[in-house]
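K.L.:
Contents of work.cif (mmCIF, C-alpha atoms) are given next:
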```
data_data
loop_
_atom_site.label_atom_id
_atom_site.label_comp_id
_atom_site.auth_asym_id
_atom_site.auth_seq_id
_atom_site.Cartn_x
_atom_site.Cartn_y
_atom_site.Cartn_z
CA MET H 243 -23.11 3.91 -9.25
CA SER H 244 -22.58 1.26 -6.54
CA ALA H 245 -23.20 1.96 -2.84
CA ILE H 246 -19.44 1.83 -2.26
CA GLN H 247 -18.79 4.38 -5.02
CA LYS H 248 -21.58 6.61 -3.60
CA ASN H 249 -19.95 6.42 -0.18
CA LEU H 250 -16.63 7.56 -1.71
CA VAL H 251 -18.26 10.52 -3.49
CA GLU H 252 -20.30 11.66 -0.49
CA LYS H 253 -17.57 11.32 2.14
CA ASN H 254 -15.04 12.92 -0.21
CA GLU H 255 -17.29 15.95 -0.75
CA GLU H 256 -17.31 16.48 2.99
CA TYR H 257 -13.51 16.03 3.19
CA ALA H 258 -12.80 18.39 0.28
CA SER H 259 -15.10 21.08 1.69
CA LYS H 260 -12.79 21.41 4.70
CA PHE H 261 -9.51 20.72 2.86
CA THR H 262 -6.69 23.18 3.56
CA LYS H 263 -3.58 21.18 2.55
CA GLY H 264 -3.39 21.87 -1.17
CA HIS H 265 0.05 23.45 -0.85
CA LEU H 266 1.98 20.36 0.33
CA ALA H 267 5.13 19.42 -1.61
CA LEU H 268 5.58 16.08 -3.39
CA PRO H 269 8.53 14.74 -1.33
CA PRO H 270 7.49 13.58 2.17
CA ALA H 271 8.23 16.46 4.58
CA LYS H 272 9.67 14.14 7.24
CA ALA H 273 11.51 11.97 4.70
CA TYR H 274 10.29 8.59 5.94
CA LEU H 275 8.17 5.75 4.73
CA VAL H 276 5.86 3.34 6.50
CA LEU H 277 5.41 -0.14 5.06
CA THR H 278 2.39 -1.93 6.48
CA CYS H 279 -0.34 -4.42 5.61
CA MET H 280 -3.47 -3.79 3.53
CA ASP H 281 -5.54 -5.18 6.45
CA ALA H 282 -8.84 -3.33 6.91
CA ARG H 283 -8.24 -2.95 10.66
CA ILE H 284 -5.23 -0.66 10.25
CA ASP H 285 -5.50 3.13 9.86
CA PRO H 286 -1.82 4.11 9.53
CA ALA H 287 -2.31 7.88 9.72
CA ALA H 288 -4.25 7.63 12.98
CA ALA H 289 -2.55 4.64 14.61
CA PHE H 290 1.02 5.56 13.69
CA GLY H 291 0.70 9.35 13.98
CA ILE H 292 1.43 10.31 10.37
CA ASP H 293 0.47 13.89 9.51
CA LEU H 294 -0.60 14.57 5.93
CA GLY H 295 2.44 15.16 3.73
CA ASP H 296 4.98 13.68 6.15
CA ALA H 297 5.55 10.10 4.94
CA HIS H 298 5.04 7.65 2.13
CA VAL H 299 2.73 4.80 3.08
CA ILE H 300 3.14 1.51 1.22
CA ARG H 301 0.57 -1.22 1.90
CA ASN H 302 0.34 -4.75 0.55
CA ALA H 303 -0.75 -8.18 1.76
CA GLY H 304 1.42 -8.90 4.79
CA ALA H 305 3.57 -5.74 4.64
CA SER H 306 6.02 -7.65 2.47
CA ALA H 307 9.33 -5.88 1.87
CA LYS H 308 10.07 -8.00 -1.18
CA ASP H 309 6.77 -7.07 -2.78
CA ALA H 310 7.39 -3.38 -1.98
CA GLN H 311 10.87 -3.19 -3.49
CA ARG H 312 9.91 -1.10 -6.55
CA SER H 313 8.07 1.43 -4.38
CA ILE H 314 10.86 1.60 -1.80
CA ILE H 315 13.49 2.33 -4.47
CA ILE H 316 11.32 5.12 -5.92
CA SER H 317 10.71 6.55 -2.43
CA GLU H 318 14.43 6.68 -1.63
CA GLN H 319 16.08 7.36 -4.97
CA LEU H 320 13.55 9.82 -6.38
CA LEU H 321 11.96 11.35 -3.29
CA GLY H 322 14.71 11.26 -0.72
CA THR H 323 13.25 9.24 2.15
CA LYS H 324 15.84 8.17 4.72
CA GLU H 325 13.98 5.99 7.20
CA ILE H 326 11.68 2.97 7.01
CA LEU H 327 9.18 1.79 9.61
CA LEU H 328 8.04 -1.75 8.79
CA VAL H 329 4.83 -2.66 10.64
CA LYS H 330 3.25 -6.11 10.46
CA HIS H 331 0.30 -7.02 12.70
CA THR H 332 -1.39 -9.65 14.82
CA GLY H 333 -4.15 -11.69 13.22
CA CYS H 334 -2.66 -11.26 9.75
CA ASP H 335 -4.26 -13.36 7.03
CA MET H 336 -0.77 -14.26 5.78
CA LEU H 337 -0.42 -16.49 8.87
CA THR H 338 -3.40 -18.62 7.83
CA PHE H 339 -2.51 -20.17 4.47
CA SER H 340 0.32 -21.66 2.41
CA ASN H 341 1.36 -20.99 -1.17
CA GLU H 342 -0.20 -24.34 -2.07
CA ASP H 343 -3.52 -23.29 -0.50
CA ALA H 344 -3.59 -20.03 -2.46
CA HIS H 345 -2.68 -21.65 -5.77
CA GLY H 346 -5.30 -24.34 -5.09
CA LEU H 347 -7.99 -21.70 -4.51
CA VAL H 348 -7.11 -19.85 -7.72
CA LYS H 349 -7.32 -23.08 -9.71
CA LYS H 350 -10.59 -24.18 -8.08
CA ASN H 351 -12.36 -20.80 -8.23
CA LEU H 352 -10.93 -19.27 -11.38
CA GLY H 353 -9.84 -22.20 -13.51
CA ALA H 354 -6.74 -23.64 -15.10
CA SER H 355 -5.97 -20.67 -17.34
CA ALA H 356 -6.00 -18.27 -14.36
CA ALA H 357 -3.67 -20.67 -12.56
CA ALA H 358 -1.42 -20.68 -15.63
CA GLU H 359 -1.51 -16.86 -15.75
CA ILE H 360 0.11 -16.55 -12.32
CA GLY H 361 2.49 -19.48 -12.77
CA THR H 362 4.54 -19.99 -9.64
CA LEU H 363 3.69 -16.60 -8.06
CA ASN H 364 4.93 -16.47 -4.47
CA PHE H 365 2.05 -15.25 -2.28
CA LEU H 366 4.62 -14.56 0.48
CA PRO H 367 2.73 -16.06 3.45
CA PHE H 368 4.56 -16.51 6.77
CA SER H 369 4.10 -18.70 9.82
CA ASP H 370 5.80 -16.71 12.61
CA LEU H 371 4.87 -13.04 12.92
CA GLU H 372 7.86 -11.65 14.82
CA GLN H 373 10.31 -13.74 12.79
CA ALA H 374 8.69 -12.38 9.61
CA VAL H 375 9.34 -8.82 10.86
CA ARG H 376 12.98 -9.68 11.55
CA ASP H 377 13.35 -11.41 8.16
CA ASP H 378 11.91 -8.45 6.26
CA VAL H 379 14.07 -5.91 8.10
CA GLU H 380 17.06 -8.13 7.28
CA PHE H 381 15.97 -8.28 3.63
CA ILE H 382 15.79 -4.48 3.44
CA LYS H 383 19.18 -4.07 5.12
CA LYS H 384 20.82 -6.60 2.81
CA THR H 385 19.48 -5.47 -0.53
CA GLU H 386 21.95 -3.31 -2.39
CA THR H 387 19.18 -1.11 -3.78
CA ILE H 388 18.64 0.51 -0.38
CA PRO H 389 21.48 2.76 0.82
CA LYS H 390 23.24 1.71 4.04
CA ASP H 391 22.45 5.06 5.71
CA VAL H 392 18.69 4.37 5.67
CA THR H 393 17.38 3.65 9.19
CA VAL H 394 15.13 0.58 9.33
CA SER H 395 13.04 -0.60 12.27
CA GLY H 396 10.45 -3.38 12.58
CA TRP H 397 7.22 -3.33 14.59
CA VAL H 398 4.09 -5.33 15.34
CA TYR H 399 0.70 -3.62 15.56
CA GLU H 400 -1.91 -5.36 17.70
CA VAL H 401 -5.31 -5.15 16.03
CA GLU H 402 -6.89 -6.18 19.36
CA THR H 403 -5.49 -3.27 21.39
CA GLY H 404 -4.37 -0.64 18.88
CA LYS H 405 -0.83 -0.79 20.29
CA VAL H 406 2.51 -1.07 18.45
CA LYS H 407 5.58 -2.75 19.88
CA GLN H 408 9.10 -2.67 18.50
CA ILE H 409 10.64 -5.98 17.40
CA VAL H 410 13.88 -4.77 15.87
CA MET U 235 15.45 5.65 19.09
CA SER U 236 15.11 8.07 16.15
CA ALA U 237 12.76 11.08 16.25
CA ILE U 238 10.51 9.33 13.75
CA GLN U 239 10.35 6.18 15.91
CA LYS U 240 9.62 8.34 18.99
CA ASN U 241 6.80 10.04 17.10
CA LEU U 242 5.31 6.60 16.29
CA VAL U 243 5.49 5.45 19.90
CA GLU U 244 4.06 8.66 21.39
CA LYS U 245 1.23 9.13 18.89
CA ASN U 246 0.39 5.43 19.07
CA GLU U 247 0.09 5.56 22.88
CA GLU U 248 -2.49 8.29 22.48
CA TYR U 249 -4.33 6.30 19.77
CA ALA U 250 -4.33 3.05 21.76
CA SER U 251 -5.58 4.81 24.91
CA LYS U 252 -8.84 5.64 23.10
CA PHE U 253 -9.00 2.47 20.97
CA THR U 254 -12.39 0.69 20.96
CA LYS U 255 -12.23 -1.41 17.77
CA GLY U 256 -10.46 -4.55 19.00
CA HIS U 257 -13.42 -6.73 18.03
CA LEU U 258 -13.32 -6.19 14.24
CA ALA U 259 -13.24 -9.29 12.02
CA LEU U 260 -10.41 -10.07 9.59
CA PRO U 261 -12.42 -9.90 6.32
CA PRO U 262 -13.31 -6.32 5.33
CA ALA U 263 -16.87 -5.66 6.55
CA LYS U 264 -17.90 -3.87 3.33
CA ALA U 265 -16.02 -6.34 1.10
CA TYR U 266 -14.13 -3.81 -1.01
CA LEU U 267 -10.59 -2.73 -1.62
CA VAL U 268 -9.03 0.61 -2.44
CA LEU U 269 -5.85 0.67 -4.50
CA THR U 270 -4.07 4.02 -4.33
CA CYS U 271 -0.62 5.62 -4.37
CA MET U 272 1.91 5.73 -1.52
CA ASP U 273 2.05 9.54 -1.96
CA ALA U 274 2.41 11.37 1.36
CA ARG U 275 -0.41 13.78 0.49
CA ILE U 276 -3.11 11.09 0.48
CA ASP U 277 -4.97 9.97 3.62
CA PRO U 278 -7.29 7.29 2.19
CA ALA U 279 -9.39 6.75 5.33
CA ALA U 280 -10.21 10.45 5.62
CA ALA U 281 -10.31 11.45 1.95
CA PHE U 282 -12.18 8.39 0.67
CA GLY U 283 -14.42 7.82 3.70
CA ILE U 284 -13.19 4.39 4.76
CA ASP U 285 -14.27 3.38 8.25
CA LEU U 286 -11.93 1.10 10.20
CA GLY U 287 -12.55 -2.54 9.27
CA ASP U 288 -14.48 -1.81 6.07
CA ALA U 289 -11.93 -2.16 3.25
CA HIS U 290 -8.48 -3.36 2.29
CA VAL U 291 -6.17 -0.51 1.33
CA ILE U 292 -3.30 -1.33 -1.04
CA ARG U 293 -0.75 1.42 -1.69
CA ASN U 294 2.30 1.44 -3.94
CA ALA U 295 4.17 3.89 -6.15
CA GLY U 296 1.61 5.11 -8.69
CA ALA U 297 -1.31 2.89 -7.55
CA SER U 298 -0.13 0.29 -10.03
CA ALA U 299 -2.57 -2.59 -10.58
CA LYS U 300 0.17 -4.81 -11.99
CA ASP U 301 2.33 -4.32 -8.91
CA ALA U 302 -0.67 -5.03 -6.66
CA GLN U 303 -1.68 -8.29 -8.31
CA ARG U 304 -0.57 -10.60 -5.47
CA SER U 305 -2.41 -8.50 -2.89
CA ILE U 306 -5.56 -8.23 -5.01
CA ILE U 307 -5.74 -12.00 -5.48
CA ILE U 308 -5.39 -12.55 -1.72
CA SER U 309 -8.04 -9.90 -1.03
CA GLU U 310 -10.54 -11.53 -3.36
CA GLN U 311 -9.78 -15.24 -3.12
CA LEU U 312 -9.07 -15.44 0.62
CA LEU U 313 -11.02 -12.55 2.08
CA GLY U 314 -13.98 -12.19 -0.24
CA THR U 315 -13.75 -8.60 -1.50
CA LYS U 316 -16.04 -7.93 -4.46
CA GLU U 317 -15.30 -4.36 -5.51
CA ILE U 318 -12.17 -2.36 -6.38
CA LEU U 319 -11.75 1.42 -6.30
CA LEU U 320 -8.56 2.38 -8.14
CA VAL U 321 -7.46 5.92 -7.26
CA LYS U 322 -4.47 7.63 -8.90
CA HIS U 323 -3.74 11.32 -8.25
CA THR U 324 -2.60 14.62 -9.70
CA GLY U 325 1.05 15.57 -9.24
CA CYS U 326 2.13 11.92 -9.07
CA ASP U 327 5.86 11.34 -9.10
CA MET U 328 5.33 8.55 -11.65
CA LEU U 329 4.58 11.28 -14.23
CA THR U 330 8.04 12.80 -13.81
CA PHE U 331 10.55 10.12 -14.81
CA SER U 332 11.19 7.25 -17.22
CA ASN U 333 12.44 3.73 -16.60
CA GLU U 334 15.79 4.84 -18.01
CA ASP U 335 15.96 7.74 -15.51
CA ALA U 336 15.26 5.43 -12.56
CA HIS U 337 17.77 2.80 -13.65
CA GLY U 338 20.32 5.57 -14.24
CA LEU U 339 19.81 6.91 -10.71
CA VAL U 340 20.22 3.47 -9.15
CA LYS U 341 23.45 2.91 -11.05
CA LYS U 342 24.83 6.39 -10.26
CA ASN U 343 23.85 6.45 -6.56
CA LEU U 344 24.13 2.79 -5.59
CA GLY U 345 26.58 1.29 -8.03
CA ALA U 346 26.76 -1.41 -10.66
CA SER U 347 25.97 -4.34 -8.39
CA ALA U 348 22.75 -2.68 -7.17
CA ALA U 349 21.85 -2.05 -10.81
CA ALA U 350 22.53 -5.73 -11.54
CA GLU U 351 20.39 -6.76 -8.56
CA ILE U 352 17.26 -5.18 -10.03
CA GLY U 353 18.05 -6.18 -13.62
CA THR U 354 15.33 -4.87 -15.94
CA LEU U 355 12.82 -4.04 -13.18
CA ASN U 356 9.90 -2.07 -14.61
CA PHE U 357 9.35 0.98 -12.39
CA LEU U 358 5.91 1.39 -14.02
CA PRO U 359 5.99 5.15 -14.65
CA PHE U 360 3.26 6.72 -16.83
CA SER U 361 2.93 9.89 -18.88
CA ASP U 362 -0.85 10.48 -19.00
CA LEU U 363 -2.71 10.33 -15.69
CA GLU U 364 -6.27 9.65 -16.88
CA GLN U 365 -5.06 7.19 -19.51
CA ALA U 366 -3.10 5.38 -16.81
CA VAL U 367 -6.31 5.02 -14.77
CA ARG U 368 -8.12 3.61 -17.79
CA ASP U 369 -5.22 1.26 -18.59
CA ASP U 370 -5.06 -0.11 -15.06
CA VAL U 371 -8.83 -0.64 -14.85
CA GLU U 372 -8.59 -2.46 -18.17
CA PHE U 373 -5.69 -4.56 -16.83
CA ILE U 374 -7.75 -5.59 -13.79
CA LYS U 375 -10.79 -6.42 -15.92
CA LYS U 376 -8.75 -8.50 -18.35
CA THR U 377 -6.68 -10.53 -15.94
CA GLU U 378 -8.11 -13.99 -15.39
CA THR U 379 -7.11 -13.95 -11.73
CA ILE U 380 -9.86 -11.47 -10.90
CA PRO U 381 -13.41 -12.82 -11.18
CA LYS U 382 -15.67 -11.16 -13.74
CA ASP U 383 -18.28 -10.26 -11.08
CA VAL U 384 -15.87 -7.89 -9.29
CA THR U 385 -16.92 -4.25 -9.81
CA VAL U 386 -13.98 -2.01 -10.81
CA SER U 387 -13.99 1.78 -11.05
CA GLY U 388 -11.17 4.27 -11.69
CA TRP U 389 -10.72 7.70 -10.10
CA VAL U 390 -8.36 10.66 -9.87
CA TYR U 391 -7.72 12.39 -6.55
CA GLU U 392 -6.61 16.02 -6.74
CA VAL U 393 -3.92 16.70 -4.15
CA GLU U 394 -4.52 20.44 -4.69
CA THR U 395 -8.23 20.41 -3.76
CA GLY U 396 -8.84 17.15 -1.89
CA LYS U 397 -11.47 16.18 -4.48
CA VAL U 398 -11.95 12.87 -6.33
CA LYS U 399 -13.43 12.56 -9.78
CA GLN U 400 -14.49 9.40 -11.57
CA ILE U 401 -12.66 8.51 -14.78
CA VAL U 402 -14.16 5.12 -15.54
#
```
Could you write out this file's structure as structure tokens?

P.N.:
Amino acid sequence: MSAIQKNLVEKNEEYASKFTKGHLALPPAKAYLVLTCMDARIDPAAAFGIDLGDAHVIRNAGASAKDAQRSIIISEQLLGTKEILLVKHTGCDMLTFSNEDAHGLVKKNLGASAAAEIGTLNFLPFSDLEQAVRDDVEFIKKTETIPKDVTVSGWVYEVETGKVKQIV
Amino acid sequence: MSAIQKNLVEKNEEYASKFTKGHLALPPAKAYLVLTCMDARIDPAAAFGIDLGDAHVIRNAGASAKDAQRSIIISEQLLGTKEILLVKHTGCDMLTFSNEDAHGLVKKNLGASAAAEIGTLNFLPFSDLEQAVRDDVEFIKKTETIPKDVTVSGWVYEVETGKVKQIV
């Protein structure tokens, strides 16, 4: 067992020994979902005030709405969420590379057949943080797979200060 | 501002007022990533013992490895992670419906043009939890876009007890 697996087992034993939330229902109690980045410096429950059982939390590279579409549809159509908070963040890795860079790295590090495997995959990088928040909120509002009565807002989280600010 | 947005702002003010981690680096300090479900009953930082800054956390409906491929490649090729913990969970919504059910709901609730918009989207449901963990670990190990020296393990988290157990 690796050190990282050992850490999971040991910390989880501690968590489970004090666990009292085994009765929570499957649908999020507050019927909302948070879409944010996979970045290691974000703890959504603590930073965004999400109590256990209250909200779906979707995380991917860059908090991309396009990449989250399958999960968002399931959250709304099957589990009844009615509001989306989209939170991107300062210092995001998605601001630092282009699609060409990423495809170049895959080819160089993993070889031509790995590059062929992903084809023209869009890594969804962006160059302007606040504009990317606006674009993704727009994308969510425009897609027909998300009902018009879903409330959508867009935010930036500052990894330097721990603060959120609303963009849209 | 909605009640859910107010909750974010108020709880975040509290969080930011005690925030001391503004110095953390972009790459995860412990060079690993956790892939788990968006389910509201999972708090990965607390339940899996992830300290702020240590690991990427990817979350989507069902902890699907296929759906996370773009994020995993970015995590490994651009930010140097070397280990993956895949954690699915008991009581997952993905065990309760079929692709046909989900497409039927979209068509019924959102109309024919929404159904056309998603085409043949695979919602990636599964019918056997532990088998789904094994299948996704296998998928990660087989794909050429993930280097062979990345350690991959598969786990189930019990939402009833707060406990994890290793599957593979």

K.L.:
Written as a list in words, what is the full residue list that the PyMOL selection byres ((chain U and resi 392) around 9) yields on the file shown?

P.N.:
Gly264 of chain H; Lys322, His323, Thr324, Gly325, Val390, Tyr391, Val393, Glu394, Thr395, Gly396, Lys397, Val398 and Lys399 of chain U

K.L.:
Present chain U as a CSV table (one decimal) with C-alpha atoms, keeping the file's coordinate frame, least-squares fitted onto chain H over all of its C-alpha atoms paired in order.

P.N.:
```csv
chain,number,residue,atom,x,y,z
U,235,MET,CA,-23.1,3.9,-9.2
U,236,SER,CA,-22.6,1.3,-6.5
U,237,ALA,CA,-23.2,2.0,-2.8
U,238,ILE,CA,-19.4,1.8,-2.3
U,239,GLN,CA,-18.8,4.4,-5.0
U,240,LYS,CA,-21.6,6.6,-3.6
U,241,ASN,CA,-20.0,6.4,-0.2
U,242,LEU,CA,-16.6,7.6,-1.7
U,243,VAL,CA,-18.3,10.5,-3.5
U,244,GLU,CA,-20.3,11.7,-0.5
U,245,LYS,CA,-17.6,11.3,2.1
U,246,ASN,CA,-15.1,12.9,-0.2
U,247,GLU,CA,-17.3,16.0,-0.7
U,248,GLU,CA,-17.3,16.5,3.0
U,249,TYR,CA,-13.5,16.0,3.2
U,250,ALA,CA,-12.8,18.4,0.3
U,251,SER,CA,-15.1,21.1,1.7
U,252,LYS,CA,-12.8,21.4,4.7
U,253,PHE,CA,-9.5,20.7,2.9
U,254,THR,CA,-6.7,23.2,3.6
U,255,LYS,CA,-3.6,21.2,2.6
U,256,GLY,CA,-3.4,21.9,-1.2
U,257,HIS,CA,0.0,23.4,-0.8
U,258,LEU,CA,2.0,20.4,0.3
U,259,ALA,CA,5.1,19.4,-1.6
U,260,LEU,CA,5.6,16.1,-3.4
U,261,PRO,CA,8.5,14.7,-1.3
U,262,PRO,CA,7.5,13.6,2.2
U,263,ALA,CA,8.2,16.5,4.6
U,264,LYS,CA,9.7,14.2,7.3
U,265,ALA,CA,11.5,12.0,4.7
U,266,TYR,CA,10.3,8.6,5.9
U,267,LEU,CA,8.2,5.7,4.7
U,268,VAL,CA,5.9,3.3,6.5
U,269,LEU,CA,5.4,-0.1,5.1
U,270,THR,CA,2.4,-1.9,6.5
U,271,CYS,CA,-0.3,-4.4,5.6
U,272,MET,CA,-3.5,-3.8,3.5
U,273,ASP,CA,-5.5,-5.2,6.4
U,274,ALA,CA,-8.8,-3.3,6.9
U,275,ARG,CA,-8.3,-2.9,10.7
U,276,ILE,CA,-5.2,-0.7,10.3
U,277,ASP,CA,-5.5,3.1,9.9
U,278,PRO,CA,-1.8,4.1,9.5
U,279,ALA,CA,-2.3,7.9,9.7
U,280,ALA,CA,-4.3,7.6,13.0
U,281,ALA,CA,-2.6,4.6,14.6
U,282,PHE,CA,1.0,5.6,13.7
U,283,GLY,CA,0.7,9.3,14.0
U,284,ILE,CA,1.4,10.3,10.4
U,285,ASP,CA,0.5,13.9,9.5
U,286,LEU,CA,-0.6,14.6,5.9
U,287,GLY,CA,2.4,15.2,3.7
U,288,ASP,CA,5.0,13.7,6.1
U,289,ALA,CA,5.6,10.1,4.9
U,290,HIS,CA,5.1,7.6,2.1
U,291,VAL,CA,2.7,4.8,3.1
U,292,ILE,CA,3.2,1.5,1.2
U,293,ARG,CA,0.6,-1.2,1.9
U,294,ASN,CA,0.3,-4.7,0.5
U,295,ALA,CA,-0.8,-8.2,1.7
U,296,GLY,CA,1.4,-8.9,4.8
U,297,ALA,CA,3.6,-5.7,4.6
U,298,SER,CA,6.0,-7.6,2.5
U,299,ALA,CA,9.3,-5.9,1.9
U,300,LYS,CA,10.1,-8.0,-1.2
U,301,ASP,CA,6.8,-7.1,-2.8
U,302,ALA,CA,7.4,-3.4,-2.0
U,303,GLN,CA,10.9,-3.2,-3.5
U,304,ARG,CA,9.9,-1.1,-6.6
U,305,SER,CA,8.1,1.4,-4.4
U,306,ILE,CA,10.9,1.6,-1.8
U,307,ILE,CA,13.5,2.3,-4.5
U,308,ILE,CA,11.3,5.1,-5.9
U,309,SER,CA,10.7,6.5,-2.4
U,310,GLU,CA,14.4,6.7,-1.6
U,311,GLN,CA,16.1,7.4,-5.0
U,312,LEU,CA,13.5,9.8,-6.4
U,313,LEU,CA,12.0,11.4,-3.3
U,314,GLY,CA,14.7,11.3,-0.7
U,315,THR,CA,13.2,9.2,2.2
U,316,LYS,CA,15.9,8.2,4.7
U,317,GLU,CA,14.0,6.0,7.2
U,318,ILE,CA,11.7,3.0,7.0
U,319,LEU,CA,9.2,1.8,9.6
U,320,LEU,CA,8.1,-1.7,8.8
U,321,VAL,CA,4.8,-2.6,10.6
U,322,LYS,CA,3.3,-6.1,10.5
U,323,HIS,CA,0.3,-7.0,12.7
U,324,THR,CA,-1.4,-9.6,14.8
U,325,GLY,CA,-4.2,-11.7,13.2
U,326,CYS,CA,-2.7,-11.3,9.7
U,327,ASP,CA,-4.3,-13.3,7.0
U,328,MET,CA,-0.8,-14.3,5.8
U,329,LEU,CA,-0.4,-16.5,8.9
U,330,THR,CA,-3.4,-18.6,7.8
U,331,PHE,CA,-2.5,-20.2,4.5
U,332,SER,CA,0.3,-21.6,2.4
U,333,ASN,CA,1.4,-21.0,-1.2
U,334,GLU,CA,-0.2,-24.3,-2.1
U,335,ASP,CA,-3.5,-23.3,-0.5
U,336,ALA,CA,-3.6,-20.0,-2.5
U,337,HIS,CA,-2.7,-21.7,-5.8
U,338,GLY,CA,-5.3,-24.3,-5.1
U,339,LEU,CA,-8.0,-21.7,-4.5
U,340,VAL,CA,-7.1,-19.9,-7.7
U,341,LYS,CA,-7.3,-23.1,-9.7
U,342,LYS,CA,-10.6,-24.2,-8.1
U,343,ASN,CA,-12.4,-20.8,-8.2
U,344,LEU,CA,-10.9,-19.3,-11.4
U,345,GLY,CA,-9.8,-22.2,-13.5
U,346,ALA,CA,-6.7,-23.6,-15.1
U,347,SER,CA,-6.0,-20.7,-17.3
U,348,ALA,CA,-6.0,-18.3,-14.4
U,349,ALA,CA,-3.7,-20.7,-12.6
U,350,ALA,CA,-1.4,-20.7,-15.6
U,351,GLU,CA,-1.5,-16.9,-15.7
U,352,ILE,CA,0.1,-16.5,-12.3
U,353,GLY,CA,2.5,-19.5,-12.8
U,354,THR,CA,4.5,-20.0,-9.6
U,355,LEU,CA,3.7,-16.6,-8.1
U,356,ASN,CA,4.9,-16.5,-4.5
U,357,PHE,CA,2.1,-15.2,-2.3
U,358,LEU,CA,4.6,-14.6,0.5
U,359,PRO,CA,2.7,-16.1,3.4
U,360,PHE,CA,4.6,-16.5,6.8
U,361,SER,CA,4.1,-18.7,9.8
U,362,ASP,CA,5.8,-16.7,12.6
U,363,LEU,CA,4.9,-13.0,12.9
U,364,GLU,CA,7.9,-11.7,14.8
U,365,GLN,CA,10.3,-13.7,12.8
U,366,ALA,CA,8.7,-12.4,9.6
U,367,VAL,CA,9.3,-8.8,10.9
U,368,ARG,CA,13.0,-9.7,11.5
U,369,ASP,CA,13.3,-11.4,8.2
U,370,ASP,CA,11.9,-8.5,6.3
U,371,VAL,CA,14.1,-5.9,8.1
U,372,GLU,CA,17.1,-8.1,7.3
U,373,PHE,CA,16.0,-8.3,3.6
U,374,ILE,CA,15.8,-4.5,3.4
U,375,LYS,CA,19.2,-4.1,5.1
U,376,LYS,CA,20.8,-6.6,2.8
U,377,THR,CA,19.5,-5.5,-0.5
U,378,GLU,CA,21.9,-3.3,-2.4
U,379,THR,CA,19.2,-1.1,-3.8
U,380,ILE,CA,18.6,0.5,-0.4
U,381,PRO,CA,21.5,2.7,0.8
U,382,LYS,CA,23.2,1.7,4.0
U,383,ASP,CA,22.5,5.0,5.7
U,384,VAL,CA,18.7,4.4,5.7
U,385,THR,CA,17.4,3.6,9.2
U,386,VAL,CA,15.1,0.6,9.3
U,387,SER,CA,13.0,-0.6,12.3
U,388,GLY,CA,10.5,-3.4,12.6
U,389,TRP,CA,7.2,-3.3,14.6
U,390,VAL,CA,4.1,-5.3,15.4
U,391,TYR,CA,0.7,-3.6,15.6
U,392,GLU,CA,-1.9,-5.4,17.7
U,393,VAL,CA,-5.3,-5.2,16.0
U,394,GLU,CA,-6.9,-6.2,19.4
U,395,THR,CA,-5.5,-3.3,21.4
U,396,GLY,CA,-4.4,-0.6,18.9
U,397,LYS,CA,-0.8,-0.8,20.3
U,398,VAL,CA,2.5,-1.1,18.5
U,399,LYS,CA,5.6,-2.7,19.9
U,400,GLN,CA,9.1,-2.7,18.5
U,401,ILE,CA,10.6,-6.0,17.4
U,402,VAL,CA,13.9,-4.8,15.9
```

K.L.:
Determine which residues of chain H sit within 6 Å of chain U, taking into account all atoms listed in the file, and present them as a PyMOL selection string.

P.N.:
chain H and resi 250+253-254+257-258+261+264+270+280-283+289-291+294-303+313+356+386-387+401-405

K.L.:
Store the residues picked out above, limited to C-alpha atoms, as an mmCIF file, in the coordinates of the input.

P.N.:
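Final file, selection_19.cif:
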```cif
data_model
loop_
_atom_site.group_PDB
_atom_site.id
_atom_site.type_symbol
_atom_site.label_atom_id
_atom_site.label_comp_id
_atom_site.auth_asym_id
_atom_site.auth_seq_id
_atom_site.Cartn_x
_atom_site.Cartn_y
_atom_site.Cartn_z
ATOM 1 C CA LEU H 250 -16.630 7.560 -1.710
ATOM 2 C CA LYS H 253 -17.570 11.320 2.140
ATOM 3 C CA ASN H 254 -15.040 12.920 -0.210
ATOM 4 C CA TYR H 257 -13.510 16.030 3.190
ATOM 5 C CA ALA H 258 -12.800 18.390 0.280
ATOM 6 C CA PHE H 261 -9.510 20.720 2.860
ATOM 7 C CA GLY H 264 -3.390 21.870 -1.170
ATOM 8 C CA PRO H 270 7.490 13.580 2.170
ATOM 9 C CA MET H 280 -3.470 -3.790 3.530
ATOM 10 C CA ASP H 281 -5.540 -5.180 6.450
ATOM 11 C CA ALA H 282 -8.840 -3.330 6.910
ATOM 12 C CA ARG H 283 -8.240 -2.950 10.660
ATOM 13 C CA ALA H 289 -2.550 4.640 14.610
ATOM 14 C CA PHE H 290 1.020 5.560 13.690
ATOM 15 C CA GLY H 291 0.700 9.350 13.980
ATOM 16 C CA LEU H 294 -0.600 14.570 5.930
ATOM 17 C CA GLY H 295 2.440 15.160 3.730
ATOM 18 C CA ASP H 296 4.980 13.680 6.150
ATOM 19 C CA ALA H 297 5.550 10.100 4.940
ATOM 20 C CA HIS H 298 5.040 7.650 2.130
ATOM 21 C CA VAL H 299 2.730 4.800 3.080
ATOM 22 C CA ILE H 300 3.140 1.510 1.220
ATOM 23 C CA ARG H 301 0.570 -1.220 1.900
ATOM 24 C CA ASN H 302 0.340 -4.750 0.550
ATOM 25 C CA ALA H 303 -0.750 -8.180 1.760
ATOM 26 C CA SER H 313 8.070 1.430 -4.380
ATOM 27 C CA ALA H 356 -6.000 -18.270 -14.360
ATOM 28 C CA GLU H 386 21.950 -3.310 -2.390
ATOM 29 C CA THR H 387 19.180 -1.110 -3.780
ATOM 30 C CA VAL H 401 -5.310 -5.150 16.030
ATOM 31 C CA GLU H 402 -6.890 -6.180 19.360
ATOM 32 C CA THR H 403 -5.490 -3.270 21.390
ATOM 33 C CA GLY H 404 -4.370 -0.640 18.880
ATOM 34 C CA LYS H 405 -0.830 -0.790 20.290
#
```
